[in-house]
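All remarks here apply to the structure that follows.
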Amino acid sequence: MESLNEGTRVKAAQSILIAQGERGQPRLWITEGTPGTVEESRAAGPIKRLLTVRLDNGFTVTDIDQTYFTANED
C-alpha cells in the first residue's frame, strides 16, 4: 500500500462511522468517495500509518488508519 503523505488529495474508500451518537444524537458518517486532503501522516507501527484528513465539507478527522482512504485521482 502506498503511503498517503501530507498534501495528498484523498477520498474515503468506504463509508465510515466516525462518531456514535448518544441519547438521541445523530451518528456522524463519512460516505464512500468523500474527498479531502491529508494534513498529517504519521507512523503508528512498522506498516500502519495514521492520518489527519481535512474533508472538503470542513470537518477534520484525526488519527484514522490510512486504509480508510485512497488517493483521489480525479
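All residue names refer to the C-alpha cells as shown: chains lettered A, B, ... in order, residues numbered from 1 in each chain, ligands numbered from 1 in order.
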
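Residues lying within 12 Å of Gly33 of chain A, counting only C-alpha atoms and ignoring same-chain neighbours fewer than 5 positions away, are Arg9, Val10, Lys11, Ala12, Ala13, Gln14, Ser15, Ile16, Leu55, Asp56, Tyr68, Phe69, Thr70, Ala71, Asn72, Glu73 and Asp74 of chain A.
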
Excluding segment 2-6 of chain A and residues on its chain fewer than 4 positions from it, collect all residues at most 9 Å away from it, counting only C-alpha atoms, and give them as a ChimeraX atom specification. /A:10,37-42,49,51-52,66,69-71

If we count only C-alpha atoms, what is near Trp29 of chain A at a cut-off of 10 Å, once residues fewer than 2 positions away on the same chain are taken out, given as a PDB file with C-alpha atoms, in the first residue's frame?
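What follows is the written file selection_10.pdb:
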ATOM      1  CA  SER A  15     -18.422   4.529   4.298  1.00  0.00           C
ATOM      2  CA  ILE A  16     -17.035   5.050   7.808  1.00  0.00           C
ATOM      3  CA  LEU A  17     -18.863   5.577  11.117  1.00  0.00           C
ATOM      4  CA  ILE A  18     -16.811   8.302  12.815  1.00  0.00           C
ATOM      5  CA  ALA A  19     -18.881   9.008  15.926  1.00  0.00           C
ATOM      6  CA  GLN A  20     -21.677   7.105  17.613  1.00  0.00           C
ATOM      7  CA  PRO A  26     -27.115  11.567  15.291  1.00  0.00           C
ATOM      8  CA  ARG A  27     -24.219   9.414  14.205  1.00  0.00           C
ATOM      9  CA  THR A  31     -19.669   8.274   2.950  1.00  0.00           C
ATOM     10  CA  GLU A  32     -17.622   6.452   0.358  1.00  0.00           C
TER      11      GLU A  32
END

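The spacing separating atom CA of Thr62 of chain A from atom CA of Ile47 of chain A amounts to 18.2 Å.
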
Restricting the calculation to only C-alpha atoms: of A:Gly7, A:Gly21, A:Gly36, A:Pro46, which residue gets closest to Phe59 of chain A? A:Gly36

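Distance-wise, atom CA of Lys48 of chain A and atom CA of Ile30 of chain A end up 20.9 Å apart.
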
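With distances restricted to only C-alpha atoms, A:Gly58 is the closest residue to Pro35 of chain A from A:Thr67, A:Arg23, A:Gly58, A:Leu50.
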